[in-house]
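Q: Coordinates in final-v1.json, JSON, C-alpha atoms, are listed below.
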```
[["chain", "number", "residue", "atom", "x", "y", "z"],
["S", 16, "MET", "CA", 0.00, 0.00, 0.00],
["S", 17, "GLU", "CA", 1.43, 3.35, -1.03],
["S", 18, "LYS", "CA", 2.22, 5.86, 1.70],
["S", 19, "THR", "CA", 0.33, 9.15, 1.42],
["S", 20, "ILE", "CA", 2.58, 12.22, 1.26],
["S", 21, "ASN", "CA", 1.45, 14.84, 3.75],
["S", 22, "THR", "CA", 1.07, 18.54, 2.94],
["S", 23, "ASP", "CA", 4.35, 19.53, 4.58],
["S", 24, "ASP", "CA", 6.33, 16.96, 2.60],
["S", 25, "GLN", "CA", 4.62, 18.02, -0.62],
["S", 26, "LYS", "CA", 5.70, 21.61, 0.06],
["S", 27, "ARG", "CA", 9.29, 20.53, 0.71],
["S", 28, "LEU", "CA", 9.37, 18.48, -2.50],
["S", 29, "SER", "CA", 7.91, 21.42, -4.41],
["S", 30, "LEU", "CA", 10.75, 23.66, -3.16],
["S", 31, "ILE", "CA", 13.33, 21.10, -4.25],
["S", 32, "LYS", "CA", 11.73, 20.95, -7.69],
["S", 33, "LYS", "CA", 11.79, 24.76, -7.90],
["S", 34, "MET", "CA", 15.46, 24.81, -6.98],
["S", 35, "ILE", "CA", 16.32, 22.28, -9.69],
["S", 36, "ILE", "CA", 14.54, 24.51, -12.21],
["S", 37, "GLU", "CA", 16.45, 27.56, -10.95],
["S", 38, "MET", "CA", 19.76, 25.72, -11.25],
["S", 39, "GLY", "CA", 18.84, 24.69, -14.78],
["S", 40, "GLY", "CA", 18.57, 28.39, -15.56],
["S", 41, "GLU", "CA", 22.06, 29.01, -14.08],
["S", 42, "ASN", "CA", 20.68, 30.64, -10.93],
["S", 43, "PHE", "CA", 22.75, 29.05, -8.19],
["S", 44, "ASN", "CA", 21.75, 31.50, -5.45],
["S", 45, "TYR", "CA", 18.45, 29.82, -4.59],
["S", 46, "ARG", "CA", 18.43, 27.55, -1.51],
["S", 47, "VAL", "CA", 15.84, 25.18, -0.08],
["S", 48, "PRO", "CA", 15.17, 26.00, 3.60],
["S", 49, "THR", "CA", 16.24, 23.21, 5.94],
["S", 50, "SER", "CA", 14.04, 21.87, 8.71],
["S", 51, "SER", "CA", 14.28, 19.78, 11.88],
["S", 52, "ASN", "CA", 13.09, 16.67, 10.04],
["S", 53, "ASN", "CA", 15.44, 13.70, 9.88],
["S", 54, "ASP", "CA", 14.25, 11.90, 6.76],
["S", 55, "VAL", "CA", 15.09, 11.24, 3.12],
["S", 56, "ILE", "CA", 13.66, 14.57, 1.93],
["S", 57, "GLU", "CA", 15.86, 16.45, 4.39],
["S", 58, "ALA", "CA", 18.91, 14.49, 3.23],
["S", 59, "ILE", "CA", 18.09, 15.47, -0.37],
["S", 60, "THR", "CA", 17.66, 19.10, 0.72],
["S", 61, "VAL", "CA", 21.08, 19.17, 2.37],
["S", 62, "SER", "CA", 22.72, 17.54, -0.65],
["S", 63, "ILE", "CA", 21.15, 19.83, -3.25],
["S", 64, "ASN", "CA", 22.03, 22.96, -1.24],
["S", 65, "MET", "CA", 25.64, 21.82, -1.11],
["S", 66, "LEU", "CA", 25.57, 21.12, -4.85],
["S", 67, "ALA", "CA", 24.32, 24.64, -5.48],
["S", 68, "ASP", "CA", 27.19, 26.03, -3.40],
["S", 69, "LYS", "CA", 29.71, 24.12, -5.50],
["S", 70, "LEU", "CA", 28.14, 25.10, -8.82],
["S", 71, "SER", "CA", 27.92, 28.74, -7.76],
["S", 72, "GLU", "CA", 31.63, 28.89, -6.93],
["S", 73, "SER", "CA", 32.64, 27.07, -10.10],
["S", 74, "TYR", "CA", 30.43, 29.27, -12.27],
["S", 75, "LYS", "CA", 31.73, 32.54, -10.80],
["S", 76, "ASN", "CA", 35.38, 31.52, -10.81],
["S", 77, "ARG", "CA", 35.68, 29.77, -14.16],
["S", 78, "TYR", "CA", 37.35, 32.84, -15.70],
["S", 79, "LEU", "CA", 40.38, 32.40, -13.46],
["S", 80, "VAL", "CA", 42.00, 29.52, -15.32],
["S", 81, "HIS", "CA", 43.15, 30.21, -18.86],
["S", 82, "SER", "CA", 46.35, 30.89, -20.72],
["S", 83, "ARG", "CA", 47.95, 34.21, -21.78],
["S", 84, "GLN", "CA", 46.27, 34.35, -25.17],
["S", 85, "ILE", "CA", 42.71, 34.27, -23.79],
["S", 86, "PHE", "CA", 42.62, 36.85, -20.99],
["S", 87, "GLU", "CA", 41.03, 40.25, -20.84],
["S", 88, "HIS", "CA", 40.69, 42.61, -17.89],
["S", 89, "LEU", "CA", 37.23, 43.77, -16.84],
["S", 90, "THR", "CA", 36.52, 46.24, -14.06],
["S", 91, "ASP", "CA", 33.95, 44.55, -11.85],
["S", 92, "LEU", "CA", 34.17, 46.26, -8.50],
["S", 93, "GLY", "CA", 34.69, 49.90, -7.57],
["S", 94, "PHE", "CA", 35.13, 51.78, -4.31],
["S", 95, "ILE", "CA", 35.49, 55.44, -3.44],
["S", 96, "LEU", "CA", 37.60, 55.77, -0.31],
["S", 97, "ASP", "CA", 38.03, 58.73, 1.99],
["S", 98, "PRO", "CA", 41.46, 60.08, 3.13],
["S", 99, "GLU", "CA", 41.60, 57.33, 5.81],
["S", 100, "PHE", "CA", 40.82, 54.70, 3.16],
["S", 101, "LYS", "CA", 37.33, 54.05, 4.52],
["S", 102, "ILE", "CA", 34.58, 53.18, 2.07],
["S", 103, "VAL", "CA", 32.44, 56.14, 0.98],
["S", 104, "GLN", "CA", 30.71, 54.54, -2.00],
["S", 105, "VAL", "CA", 30.72, 51.15, -3.71],
["S", 106, "THR", "CA", 29.44, 49.91, -7.06],
["S", 107, "SER", "CA", 26.33, 47.72, -7.07],
["S", 108, "SER", "CA", 28.38, 44.75, -8.29],
["S", 109, "TYR", "CA", 29.85, 44.32, -4.79],
["S", 110, "ASN", "CA", 27.08, 41.85, -3.90],
["S", 111, "GLU", "CA", 28.45, 39.45, -6.50],
["S", 112, "PHE", "CA", 31.55, 39.14, -4.33],
["S", 113, "MET", "CA", 30.42, 39.74, -0.74],
["S", 114, "SER", "CA", 27.38, 38.99, 1.39],
["S", 115, "ILE", "CA", 27.75, 42.20, 3.46],
["S", 116, "ASN", "CA", 24.93, 44.75, 3.25],
["S", 117, "GLU", "CA", 25.81, 48.06, 1.60],
["S", 118, "SER", "CA", 24.92, 49.94, 4.80],
["S", 119, "GLN", "CA", 27.54, 47.87, 6.65],
["S", 120, "LEU", "CA", 30.16, 48.63, 4.01],
["S", 121, "ILE", "CA", 29.87, 52.41, 4.11],
["S", 122, "GLY", "CA", 32.38, 53.81, 6.59],
["S", 123, "LYS", "CA", 34.19, 50.48, 6.89],
["S", 124, "PRO", "CA", 37.99, 50.53, 6.44],
["S", 125, "PHE", "CA", 38.71, 48.76, 3.16],
["S", 126, "ILE", "CA", 41.49, 46.76, 4.80],
["S", 127, "GLU", "CA", 38.88, 44.79, 6.76],
["S", 128, "LEU", "CA", 37.67, 43.21, 3.52],
["S", 129, "LEU", "CA", 41.05, 41.54, 2.93],
["S", 130, "ASP", "CA", 42.76, 38.42, 4.23],
["S", 131, "LEU", "CA", 45.80, 38.81, 6.48],
["S", 132, "GLU", "CA", 48.35, 38.45, 3.68],
["S", 133, "SER", "CA", 46.63, 41.10, 1.59],
["S", 134, "GLN", "CA", 46.29, 43.44, 4.55],
["S", 135, "GLU", "CA", 50.09, 43.65, 4.71],
["S", 136, "ILE", "CA", 50.25, 44.45, 1.00],
["S", 137, "TRP", "CA", 47.57, 47.10, 1.41],
["S", 138, "LEU", "CA", 49.32, 48.80, 4.33],
["S", 139, "SER", "CA", 52.58, 48.90, 2.40],
["S", 140, "ALA", "CA", 50.91, 50.33, -0.71],
["S", 141, "THR", "CA", 48.85, 53.00, 1.06],
["S", 142, "SER", "CA", 51.87, 54.25, 2.97],
["S", 143, "LYS", "CA", 53.20, 55.53, -0.36],
["S", 144, "THR", "CA", 50.64, 58.31, -0.76],
["S", 145, "ASN", "CA", 52.80, 60.21, -3.22],
["S", 146, "LYS", "CA", 52.83, 57.40, -5.75],
["S", 147, "PHE", "CA", 49.75, 56.93, -7.95],
["S", 148, "PRO", "CA", 48.31, 55.06, -9.66],
["S", 149, "GLN", "CA", 49.20, 51.84, -7.85],
["S", 150, "LYS", "CA", 48.53, 48.28, -8.89],
["S", 151, "PHE", "CA", 48.50, 45.27, -6.58],
["S", 152, "HIS", "CA", 46.99, 41.80, -6.23],
["S", 153, "LEU", "CA", 44.75, 41.29, -3.21],
["S", 154, "ASN", "CA", 42.55, 38.52, -1.84],
["S", 155, "LEU", "CA", 39.07, 39.82, -1.10],
["S", 156, "ILE", "CA", 37.12, 37.96, 1.58],
["S", 157, "ALA", "CA", 34.24, 36.70, -0.55],
["S", 158, "LYS", "CA", 31.03, 34.81, 0.12],
["S", 159, "LYS", "CA", 31.04, 31.75, 2.38],
["S", 160, "LYS", "CA", 34.35, 30.14, 1.53],
["S", 161, "LEU", "CA", 37.32, 30.93, -0.65],
["S", 162, "THR", "CA", 38.83, 34.38, -0.86],
["S", 163, "GLN", "CA", 38.52, 36.05, -4.26],
["S", 164, "PRO", "CA", 41.83, 37.07, -5.85],
["S", 165, "LEU", "CA", 41.51, 40.35, -7.75],
["S", 166, "THR", "CA", 43.86, 42.88, -9.28],
["S", 167, "PHE", "CA", 43.26, 46.34, -7.83],
["S", 168, "PHE", "CA", 44.20, 49.78, -9.11],
["S", 169, "LEU", "CA", 44.33, 52.68, -6.66],
["S", 170, "ASN", "CA", 44.23, 56.26, -7.90],
["S", 171, "THR", "CA", 43.46, 59.71, -6.59],
["S", 172, "LEU", "CA", 40.31, 61.69, -7.30],
["S", 173, "THR", "CA", 40.12, 65.44, -7.77],
["S", 174, "PRO", "CA", 40.28, 66.92, -4.24],
["S", 175, "MET", "CA", 36.98, 68.14, -2.77],
["S", 176, "GLU", "CA", 37.42, 70.97, -0.26],
["S", 177, "SER", "CA", 41.10, 70.09, 0.13],
["S", 178, "LYS", "CA", 40.28, 66.50, 1.08],
["S", 179, "GLN", "CA", 41.83, 63.78, -1.08],
["S", 180, "ASN", "CA", 39.58, 60.84, -1.91],
["S", 181, "TYR", "CA", 40.65, 57.70, -3.73],
["S", 182, "LEU", "CA", 39.24, 55.50, -6.46],
["S", 183, "LEU", "CA", 39.88, 51.78, -6.03],
["S", 184, "SER", "CA", 38.99, 49.54, -8.97],
["S", 185, "GLY", "CA", 38.86, 45.77, -8.65],
["S", 186, "VAL", "CA", 39.66, 43.92, -11.85],
["S", 187, "ARG", "CA", 39.10, 40.32, -12.85],
["S", 188, "THR", "CA", 39.93, 38.36, -15.97],
["S", 189, "ILE", "CA", 37.62, 36.61, -18.38],
["S", 190, "ASN", "CA", 38.09, 34.00, -21.06],
["S", 191, "ILE", "CA", 37.92, 35.85, -24.37],
["S", 192, "ARG", "CA", 37.67, 32.50, -26.15],
["S", 193, "GLU", "CA", 34.00, 32.70, -25.16],
["S", 194, "HIS", "CA", 33.72, 35.82, -27.34],
["S", 195, "ARG", "CA", 34.92, 33.81, -30.32],
["S", 196, "ASP", "CA", 32.44, 31.06, -29.49],
["S", 197, "ASN", "CA", 29.68, 33.67, -29.35],
["S", 198, "GLY", "CA", 30.21, 34.74, -32.94],
["S", 199, "LEU", "CA", 32.75, 37.55, -33.00],
["S", 200, "SER", "CA", 34.26, 37.85, -36.44],
["S", 201, "SER", "CA", 38.01, 37.55, -37.02],
["S", 202, "SER", "CA", 38.25, 41.27, -37.74],
["S", 203, "GLU", "CA", 36.50, 42.07, -34.44],
["S", 204, "GLN", "CA", 38.85, 39.76, -32.57],
["S", 205, "GLN", "CA", 41.91, 41.33, -34.20],
["S", 206, "HIS", "CA", 40.70, 44.79, -33.20],
["S", 207, "TYR", "CA", 41.79, 44.05, -29.62],
["S", 208, "ASP", "CA", 45.38, 43.70, -28.46],
["S", 209, "TYR", "CA", 44.71, 41.36, -25.58],
["S", 210, "SER", "CA", 48.35, 41.08, -24.55],
["S", 211, "GLN", "CA", 48.23, 44.63, -23.18],
["S", 212, "PHE", "CA", 45.68, 43.74, -20.52],
["S", 213, "LEU", "CA", 47.53, 41.19, -18.43],
["S", 214, "ASP", "CA", 51.06, 40.30, -17.50],
["S", 215, "LEU", "CA", 51.34, 36.61, -16.56],
["S", 216, "SER", "CA", 55.10, 36.43, -16.75],
["S", 217, "ASP", "CA", 55.34, 35.79, -13.01],
["S", 218, "SER", "CA", 52.76, 33.00, -13.03],
["S", 219, "VAL", "CA", 53.93, 29.51, -12.07],
["S", 220, "LEU", "CA", 51.20, 28.06, -14.29],
["S", 221, "LYS", "CA", 52.72, 28.38, -17.73],
["S", 222, "ASP", "CA", 50.22, 26.52, -19.88],
["S", 223, "GLU", "CA", 46.84, 24.78, -19.98],
["S", 224, "LYS", "CA", 48.40, 21.51, -18.83],
["S", 225, "ASP", "CA", 49.63, 23.10, -15.59],
["S", 226, "ILE", "CA", 46.22, 24.64, -14.99],
["S", 227, "SER", "CA", 44.43, 21.36, -15.73],
["S", 228, "ILE", "CA", 46.55, 19.50, -13.18],
["S", 229, "ILE", "CA", 45.81, 22.02, -10.44],
["S", 230, "LYS", "CA", 42.10, 21.79, -11.25],
["S", 231, "GLN", "CA", 42.30, 17.99, -11.03],
["S", 232, "ILE", "CA", 43.93, 18.23, -7.59],
["S", 233, "HIS", "CA", 41.25, 20.71, -6.50],
["S", 234, "ALA", "CA", 38.53, 18.27, -7.58],
["S", 235, "HIS", "CA", 40.37, 15.39, -5.89],
["S", 236, "ILE", "CA", 40.39, 17.23, -2.56],
["S", 237, "GLU", "CA", 36.69, 18.07, -2.89],
["S", 238, "LYS", "CA", 35.85, 14.43, -3.57],
["S", 239, "ASN", "CA", 38.10, 13.05, -0.81],
["S", 240, "ARG", "CA", 37.85, 15.82, 1.77],
["S", 241, "ALA", "CA", 37.98, 13.40, 4.72],
["S", 242, "ASP", "CA", 41.17, 11.64, 3.57],
["S", 243, "ALA", "CA", 44.61, 12.70, 4.78],
["S", 244, "LEU", "CA", 46.50, 14.57, 2.05],
["S", 245, "GLY", "CA", 49.96, 13.45, 3.06],
["S", 246, "SER", "CA", 52.85, 15.54, 1.83],
["S", 247, "LEU", "CA", 52.48, 18.10, -0.94],
["S", 248, "GLN", "CA", 55.43, 16.49, -2.69],
["S", 249, "LYS", "CA", 53.67, 13.12, -2.94],
["S", 250, "LEU", "CA", 50.36, 14.70, -3.92],
["S", 251, "ALA", "CA", 52.08, 16.69, -6.66],
["S", 252, "HIS", "CA", 53.93, 13.64, -8.00],
["S", 253, "ASP", "CA", 50.71, 11.60, -8.01],
["S", 254, "PHE", "CA", 49.27, 14.12, -10.47],
["S", 255, "GLY", "CA", 52.38, 14.60, -12.58],
["S", 256, "THR", "CA", 53.59, 17.96, -11.32],
["S", 257, "ASN", "CA", 56.02, 19.23, -8.69],
["S", 258, "GLU", "CA", 55.57, 20.60, -5.19],
["S", 259, "TYR", "CA", 56.47, 24.17, -6.19],
["S", 260, "LYS", "CA", 53.82, 24.34, -8.89],
["S", 261, "LEU", "CA", 51.22, 22.73, -6.64],
["S", 262, "LYS", "CA", 51.90, 24.98, -3.66],
["S", 263, "ASN", "CA", 52.12, 28.26, -5.55],
["S", 264, "GLY", "CA", 49.85, 27.44, -8.48],
["S", 265, "PHE", "CA", 46.98, 26.35, -6.22],
["S", 266, "LYS", "CA", 47.21, 29.60, -4.24],
["S", 267, "GLU", "CA", 47.42, 31.62, -7.45],
["S", 268, "LEU", "CA", 44.41, 29.90, -8.97],
["S", 269, "TYR", "CA", 42.09, 29.66, -5.98],
["S", 270, "GLY", "CA", 43.41, 32.25, -3.53],
["S", 271, "ILE", "CA", 43.95, 29.70, -0.74],
["S", 272, "THR", "CA", 46.54, 27.10, 0.21],
["S", 273, "VAL", "CA", 45.98, 23.39, -0.38],
["S", 274, "PHE", "CA", 45.64, 22.49, 3.30],
["S", 275, "LYS", "CA", 43.44, 25.48, 4.12],
["S", 276, "PHE", "CA", 41.18, 24.55, 1.23],
["S", 277, "GLN", "CA", 40.82, 21.00, 2.55],
["S", 278, "MET", "CA", 39.98, 22.35, 6.02],
["S", 279, "GLU", "CA", 37.40, 24.72, 4.51],
["S", 280, "GLU", "CA", 35.83, 21.81, 2.64],
["S", 281, "ARG", "CA", 35.64, 19.69, 5.77],
["S", 282, "LEU", "CA", 34.22, 22.42, 7.98],
["S", 283, "THR", "CA", 31.70, 23.68, 5.43],
["S", 284, "TYR", "CA", 30.32, 20.18, 4.90],
["S", 285, "ALA", "CA", 30.36, 19.57, 8.66],
["S", 286, "LYS", "CA", 28.40, 22.80, 9.26],
["S", 287, "THR", "CA", 25.67, 21.59, 6.93],
["S", 288, "LEU", "CA", 25.45, 18.30, 8.83],
["S", 289, "VAL", "CA", 25.43, 20.07, 12.20],
["S", 290, "GLU", "CA", 22.63, 22.43, 11.16],
["S", 291, "SER", "CA", 20.53, 20.00, 9.12],
["S", 292, "SER", "CA", 20.83, 16.60, 10.78],
["S", 293, "SER", "CA", 20.85, 14.89, 14.15],
["S", 294, "ILE", "CA", 24.09, 12.98, 13.49],
["S", 295, "PRO", "CA", 26.25, 12.91, 16.66],
["S", 296, "PHE", "CA", 29.12, 15.38, 16.63],
["S", 297, "LYS", "CA", 31.69, 12.65, 17.17],
["S", 298, "ALA", "CA", 30.40, 10.84, 14.07],
["S", 299, "ILE", "CA", 30.55, 14.06, 12.03],
["S", 300, "ALA", "CA", 34.12, 14.65, 13.20],
["S", 301, "GLU", "CA", 35.13, 11.13, 12.09],
["S", 302, "MET", "CA", 33.30, 11.52, 8.76],
["S", 303, "MET", "CA", 35.26, 14.71, 8.07],
["S", 304, "GLY", "CA", 38.64, 13.21, 8.90],
["S", 305, "PHE", "CA", 39.24, 14.78, 12.32],
["S", 306, "LYS", "CA", 41.14, 12.52, 14.69],
["S", 307, "THR", "CA", 39.40, 13.80, 17.82],
["S", 308, "LEU", "CA", 36.14, 15.52, 18.67],
["S", 309, "ALA", "CA", 38.10, 18.21, 20.54],
["S", 310, "HIS", "CA", 40.11, 19.11, 17.43],
["S", 311, "PHE", "CA", 36.93, 19.24, 15.38],
["S", 312, "SER", "CA", 35.17, 21.50, 17.91],
["S", 313, "ARG", "CA", 38.12, 23.90, 18.14],
["S", 314, "SER", "CA", 38.47, 24.16, 14.37],
["S", 315, "PHE", "CA", 34.71, 24.56, 13.95],
["S", 316, "LYS", "CA", 34.50, 27.38, 16.50],
["S", 317, "LYS", "CA", 37.51, 29.16, 15.02],
["S", 318, "ARG", "CA", 35.89, 29.08, 11.57],
["S", 319, "PHE", "CA", 32.25, 29.87, 12.46],
["S", 320, "GLY", "CA", 32.42, 31.58, 15.87],
["S", 321, "SER", "CA", 30.34, 28.91, 17.60],
["S", 322, "ASN", "CA", 31.03, 25.30, 18.49],
["S", 323, "PRO", "CA", 28.84, 22.54, 16.97],
["S", 324, "ARG", "CA", 26.66, 22.21, 20.08],
["S", 325, "GLU", "CA", 25.92, 25.94, 20.18],
["S", 326, "MET", "CA", 25.11, 26.02, 16.47],
["S", 327, "ARG", "CA", 22.68, 23.10, 16.68],
["S", 328, "LYS", "CA", 20.60, 24.63, 19.50]]
```
Could you spell out this file's structure in structure tokens?
A:
Amino acid sequence: MEKTINTDDQKRLSLIKKMIIEMGGENFNYRVPTSSNNDVIEAITVSINMLADKLSESYKNRYLVHSRQIFEHLTDLGFILDPEFKIVQVTSSYNEFMSINESQLIGKPFIELLDLESQEIWLSATSKTNKFPQKFHLNLIAKKKLTQPLTFFLNTLTPMESKQNYLLSGVRTINIREHRDNGLSSSEQQHYDYSQFLDLSDSVLKDEKDISIIKQIHAHIEKNRADALGSLQKLAHDFGTNEYKLKNGFKELYGITVFKFQMEERLTYAKTLVESSSIPFKAIAEMMGFKTLAHFSRSFKKRFGSNPREMRK
């Protein structure tokens, strides 16, 4: 005898169906609300939300991995900063990179949007107030997980009432091969001198093969997040590259180190399980490759500000 689906379950299934449709239209921002239920539908909800997270990151970052001949710079993000380098105005595109409300951004020191390594670069650059324009590579703290590497250009604006404001432009790169695929004629392609836009001479990833290997390692870590990585040297050799290219190329491509990325993967997945299931914390810790519950709890609290027990309440 078939089991009758109640109204609540029908609503949950309808939301999952809607999300699948949204994802089919390349909208990866939609999420199905989780509930306190511990059933198959809830397991599907958790899984599809995680899939949307992965697809969203891949879709937004796909322009990061191409060779010299197929790059072009686009200005995506702009800030006007006051004399103390606090944010006065920001372009509407900021919400593609950050989940902070605009009202929270205004008046905020720009340095607080950067990771620790980039903060040092920023302090060094802004101490040279007699040298403009300036160009530097910074890691912006982006939505949810990985930092977003961007090239920034800092310049002065015409002084207003003797106060010097600054224009900060964030630049990303896109794959101009897509323009060819979208029907640009040869003459239109030749109109642009793409080599002027980007200098990749200092990149450790010299060709598509290098990039492909790093992407394979990235996917391998995602798939095997709970497994110990071992040494970077062995991991690199397993994929046909060397430790130097793995260590520096991974950071260049994704804005994060190999081991930090694995930890982010583990903790992000664990957070979903903590919030959306009744699985014991010790079991979650073991599933995510943590040797002890104490280590898991410390790492979890450091990342999210609350330990697993506090978050599940």
Q: Using atom CA of S:Asp24 and atom CA of S:Lys328 as the two end points, give the distance in Å to one decimal.
A: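 These atoms are spaced 23.4 Å apart.
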Q: For a test of reading the model, state the distance in Å between atom CA of S:Gln163 and atom CA of S:Ala300, rounded to one decimal.
A: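 Atom CA of S:Ala300 lies 28.0 Å from atom CA of S:Gln163.
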Q: If you count all atoms listed in the file, which residues fall within 8 Å of S:Thr166, apart from same-chain ones fewer than 5 positions away, as a ChimeraX atom specification?
A: /S:150-153,185-187
Q: Taking only C-alpha atoms into account, name the residue in S:Met38, S:Leu288, S:Leu96, S:Met303 that is nearest to S:Lys178.
A: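 Checking each candidate against S:Lys178, we get S:Leu96 as the closest.
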Q: Go through S:Glu111, S:Asp68, S:Asp242, S:Asp253 and flag the residue nearest S:Met302, using only C-alpha atoms for the distances.
A: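 Using only C-alpha atoms, S:Met302 sits closest to S:Asp242.
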Q: How many Å lie between atom CA of S:Ser114 and atom CA of S:Phe265, rounded to one decimal?
A: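 Spanning atom CA of S:Ser114 to atom CA of S:Phe265 is a straight-line distance of 24.5 Å.
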Q: Counting all atoms listed in the file, which residues come within 12 Å of (36.5, 35.6, 3.0), with the point read in the file's coordinates, and could you list them as a CSV table (one decimal) with C-alpha atoms, in the frame of the given file?
A:
```csv
chain,number,residue,atom,x,y,z
S,112,PHE,CA,31.6,39.1,-4.3
S,113,MET,CA,30.4,39.7,-0.7
S,114,SER,CA,27.4,39.0,1.4
S,115,ILE,CA,27.8,42.2,3.5
S,127,GLU,CA,38.9,44.8,6.8
S,128,LEU,CA,37.7,43.2,3.5
S,129,LEU,CA,41.0,41.5,2.9
S,130,ASP,CA,42.8,38.4,4.2
S,131,LEU,CA,45.8,38.8,6.5
S,133,SER,CA,46.6,41.1,1.6
S,153,LEU,CA,44.8,41.3,-3.2
S,154,ASN,CA,42.6,38.5,-1.8
S,155,LEU,CA,39.1,39.8,-1.1
S,156,ILE,CA,37.1,38.0,1.6
S,157,ALA,CA,34.2,36.7,-0.6
S,158,LYS,CA,31.0,34.8,0.1
S,159,LYS,CA,31.0,31.8,2.4
S,160,LYS,CA,34.4,30.1,1.5
S,161,LEU,CA,37.3,30.9,-0.6
S,162,THR,CA,38.8,34.4,-0.9
S,163,GLN,CA,38.5,36.0,-4.3
S,164,PRO,CA,41.8,37.1,-5.8
S,270,GLY,CA,43.4,32.2,-3.5
S,271,ILE,CA,44.0,29.7,-0.7
S,279,GLU,CA,37.4,24.7,4.5
S,318,ARG,CA,35.9,29.1,11.6
S,319,PHE,CA,32.2,29.9,12.5
```
Q: Counting all atoms listed in the file, what is within 12 Å of S:Ala58, bar same-chain residues fewer than 3 positions away, as a list in words?
A: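 Residues near the query, excluding close chain neighbours: Arg27, Leu28, Ile31, Val47, Thr49, Ser50, Ser51, Asn52, Asn53, Asp54, Val55, Val61, Ser62, Ile63, Asn64, Met65, Thr287, Leu288, Glu290, Ser291, Ser292, Ser293 and Ile294 of chain S.
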Q: Using all atoms listed in the file, which protein or nucleic acid residues come within 12 Å of S:Phe147? Drop anything in the same chain fewer than 2 positions from it, and give the result as an NGL selection string.
A: :S and (140-145 or 149-151 or 168-172 or 181-183)
Q: For S:Ala234, please output as a ChimeraX atom specification all residues within 12 Å (counting all atoms listed in the file; exclusion window: fewer than 5 positions along the same chain).
A: /S:69,73,227-229,239-240,254,265,273,276-277,280
